[in-house]
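Q: Dropping in my_file34.txt, with compact mmCIF, C-alpha atoms.
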# COMPACT_ATOMS: atom_id res chain seq x y z
CA MET A 182 -26.00 -40.32 8.21
CA SER A 183 -27.27 -38.69 11.38
CA GLU A 184 -28.38 -35.08 11.36
CA SER A 185 -25.38 -33.93 13.40
CA ASN A 186 -22.96 -35.59 10.95
CA SER A 187 -24.83 -33.99 8.04
CA VAL A 188 -24.59 -30.52 9.61
CA SER A 189 -20.97 -31.12 10.58
CA GLY A 190 -20.16 -32.08 6.98
CA GLN A 191 -21.87 -28.93 5.68
CA VAL A 192 -20.08 -26.66 8.15
CA GLY A 193 -16.75 -28.33 7.39
CA ALA A 194 -17.24 -27.52 3.71
CA LEU A 195 -17.85 -23.80 4.27
CA LYS A 196 -15.26 -21.41 2.89
CA ALA A 197 -14.83 -17.67 3.36
CA PRO A 198 -16.27 -15.61 0.51
CA THR A 199 -13.61 -14.76 -2.07
CA LEU A 200 -12.90 -11.35 -3.58
CA GLU A 201 -15.03 -12.44 -6.55
CA ASP A 202 -17.89 -13.51 -4.26
CA LEU A 203 -17.89 -10.14 -2.50
CA GLU A 204 -17.66 -8.28 -5.80
CA ALA A 205 -20.70 -10.24 -7.06
CA LEU A 206 -22.58 -9.33 -3.85
CA ALA A 207 -21.63 -5.66 -4.30
CA HIS A 208 -22.79 -5.58 -7.92
CA ALA A 209 -26.05 -7.34 -7.01
CA ALA A 210 -26.60 -4.84 -4.18
CA TYR A 211 -25.92 -1.96 -6.57
CA ALA A 212 -28.33 -3.40 -9.16
CA ALA A 213 -31.04 -3.60 -6.48
CA LEU A 214 -30.77 0.12 -5.61
CA PRO A 215 -33.46 2.47 -6.95
CA SER A 216 -32.69 3.75 -10.44
CA ARG A 217 -33.20 7.37 -9.34
CA PHE A 218 -30.20 6.76 -7.08
CA THR A 219 -27.98 4.82 -9.50
CA SER A 220 -28.75 7.10 -12.45
CA GLN A 221 -26.59 9.69 -10.69
CA CYS A 222 -23.67 7.24 -10.46
CA GLU A 223 -22.74 6.92 -14.13
CA GLY A 224 -19.16 5.76 -14.52
CA LEU A 225 -18.76 4.81 -10.86
CA VAL A 226 -16.37 1.85 -10.51
CA ILE A 227 -16.80 -0.67 -7.69
CA LYS A 228 -13.77 -2.74 -6.68
CA VAL A 229 -13.13 -5.24 -3.92
CA GLU A 230 -9.72 -5.69 -2.31
CA ASP A 231 -8.66 -7.64 0.75
CA TRP A 232 -7.30 -4.57 2.57
CA ALA A 233 -7.05 -0.80 2.24
CA ASP A 234 -3.60 0.51 1.37
CA ASP A 235 -1.42 1.96 4.14
CA GLU A 236 -1.69 5.49 2.70
CA SER A 237 -5.50 5.46 2.98
CA LEU A 238 -5.40 3.98 6.48
CA ASP A 239 -2.95 6.69 7.57
CA GLU A 240 -4.89 9.47 5.85
CA LEU A 241 -8.11 8.43 7.59
CA GLU A 242 -6.30 7.93 10.91
CA CYS A 243 -7.41 4.31 11.24
CA GLU A 244 -6.05 2.53 14.28
CA SER A 245 -6.19 -0.85 12.56
CA GLU A 246 -6.53 -2.24 9.04
CA TYR A 247 -9.88 -3.63 10.25
CA ASP A 248 -11.29 -0.12 10.79
CA LEU A 249 -11.96 0.63 7.12
CA LEU A 250 -14.72 -1.38 5.42
CA GLY A 251 -15.05 0.82 2.33
CA LEU A 252 -13.65 3.89 0.65
CA PHE A 253 -14.78 6.42 -1.96
CA ARG A 254 -12.17 8.15 -4.10
CA GLY A 255 -12.95 10.72 -6.73
CA GLN A 256 -14.88 13.89 -7.25
CA GLY A 257 -18.40 13.73 -5.93
CA LEU A 258 -21.41 15.32 -7.55
CA THR A 259 -20.96 18.45 -5.44
CA GLN A 260 -17.64 18.98 -7.25
CA LYS A 261 -19.20 18.47 -10.68
CA GLU A 262 -17.84 21.70 -12.14
CA HIS A 263 -14.37 20.22 -11.74
CA LEU A 264 -15.20 17.00 -13.57
CA SER A 265 -14.30 15.99 -17.10
CA GLN A 266 -10.76 17.22 -16.96
CA THR A 267 -8.37 15.22 -19.10
CA GLY A 268 -6.64 12.48 -17.15
CA ASP A 269 -9.15 12.35 -14.29
CA GLU A 270 -9.63 8.92 -12.79
CA PRO A 271 -13.20 7.62 -12.59
CA ASN A 272 -15.00 7.83 -9.28
CA MET A 273 -14.26 4.61 -7.44
CA ILE A 274 -15.59 2.73 -4.46
CA TRP A 275 -13.51 0.08 -2.75
CA LEU A 276 -14.96 -2.51 -0.43
CA PHE A 277 -12.42 -4.28 1.78
CA ARG A 278 -13.12 -7.98 2.12
CA ARG A 279 -11.20 -8.90 5.26
CA PRO A 280 -12.56 -6.07 7.46
CA ILE A 281 -16.08 -6.73 6.10
CA LEU A 282 -15.80 -10.44 6.91
CA ASP A 283 -14.50 -9.63 10.39
CA PHE A 284 -17.43 -7.24 10.95
CA TRP A 285 -19.83 -9.90 9.65
CA ALA A 286 -18.43 -12.50 12.07
CA GLU A 287 -19.34 -10.21 14.99
CA SER A 288 -22.69 -9.07 13.59
CA GLU A 289 -26.30 -10.22 13.54
CA GLU A 290 -26.61 -8.93 9.96
CA THR A 291 -26.24 -10.97 6.81
CA LEU A 292 -23.21 -10.47 4.61
CA THR A 293 -25.49 -9.03 1.92
CA GLU A 294 -26.89 -6.46 4.37
CA ILE A 295 -23.40 -5.39 5.41
CA VAL A 296 -22.10 -5.12 1.85
CA THR A 297 -25.18 -3.12 0.87
CA HIS A 298 -24.77 -0.79 3.85
CA VAL A 299 -21.07 -0.14 3.11
CA LEU A 300 -21.79 0.35 -0.60
CA VAL A 301 -24.62 2.83 0.06
CA HIS A 302 -22.43 4.66 2.57
CA GLU A 303 -19.64 5.06 0.01
CA ILE A 304 -22.10 6.12 -2.69
CA GLY A 305 -23.24 8.76 -0.18
CA HIS A 306 -19.73 10.22 -0.39
CA HIS A 307 -20.15 10.27 -4.19
CA PHE A 308 -23.22 12.44 -3.55
CA GLY A 309 -21.13 14.74 -1.36
CA PHE A 310 -22.32 13.61 2.08
CA SER A 311 -19.86 13.52 4.96
CA ASP A 312 -19.76 10.66 7.48
CA GLU A 313 -21.54 12.96 9.93
CA ASP A 314 -24.27 13.74 7.37
CA MET A 315 -24.90 10.06 6.80
CA GLU A 316 -24.91 9.25 10.52
CA GLU A 317 -27.57 11.92 11.00
CA ILE A 318 -29.64 10.56 8.08
CA GLU A 319 -29.42 7.04 9.52
CA ARG A 320 -30.29 8.28 13.01
CA ARG A 321 -33.37 10.10 11.70
CA ALA A 322 -34.40 7.09 9.63
CA GLY A 323 -34.47 5.07 12.83
Translate the structure described by the file into structure tokens.

A:
Amino acid sequence: MSESNSVSGQVGALKAPTLEDLEALAHAAYAALPSRFTSQCEGLVIKVEDWADDESLDELECESEYDLLGLFRGQGLTQKEHLSQTGDEPNMIWLFRRPILDFWAESEETLTEIVTHVLVHEIGHHFGFSDEDMEEIERRAG
């Protein structure tokens, strides 16, 4: 088989990462984070869905379902005095597969880099940082 047929066969066999694939990437990215960071995330649940729900998209004033790559819901560490009330849901991070894959298709970054970035961004909300805070941190970090 010629090299071009071999490459063509490999490309033809490629499939988009599934929800389970992205969830595995997210958990591997989380496991690779420094323990001083993750030790403050006890009980944090990470989920992967194809899309954000309409309520979240409306609440965040997204123009398109592709605008939201991840979402944090819960009470961050800065609201700790309000935690541990009966019936509280655990802090949760959602990563949205379809918008992430769309971003990846237009990016120079690897899928792992993108998933890690979105995960760290959402964990930043768990720590009480706003989007503006995190943009400033990233800008300063270069």

Q: Need to verify the contact set: Ser220 of chain A, 12 Å, all atoms listed in the file, exclusion of same-chain residues closer than 5 positions in sequence. Can you return it as a ChimeraX atom specification?

A: /A:211-212,214-215,225,304,308

Q: Go through A:His307, A:Arg254, A:Lys196, A:Arg321 and flag the residue nearest Phe218 of chain A, using only C-alpha atoms for the distances.

A: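 For Phe218 of chain A, the nearest of the candidates is A:His307.
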
Q: Please identify all polymer residues within 12 Å of segment 299-301 of chain A, counting only C-alpha atoms, omitting same-chain residues fewer than 4 positions from it, and present them as a count of residues only.

A: 47

Q: Quote the spacing between atom CA of Asn272 of chain A and atom CA of Gly257 of chain A in Å to one decimal place.

A: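 Distance between the two atoms: 7.6 Å.
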
Q: So the first atom is atom CA of Gly255 of chain A and the second is atom CA of Glu317 of chain A; what is the distance between them in Å, to one decimal place?

A: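 One can read the atom CA of Gly255 of chain A to atom CA of Glu317 of chain A distance as 23.0 Å.
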
Q: Which residue gives the smallest distance to Leu258 of chain A among A:Glu230, A:Glu223, A:Asp314, A:Glu270, with only C-alpha atoms counted?

A: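 Ranked by minimum distance to Leu258 of chain A, first place goes to A:Glu223.
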
Q: Work out how far atom CA of Glu290 of chain A is from atom CA of Glu242 of chain A, in Å to one decimal.

A: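 Spanning atom CA of Glu242 of chain A to atom CA of Glu290 of chain A is a straight-line distance of 26.4 Å.
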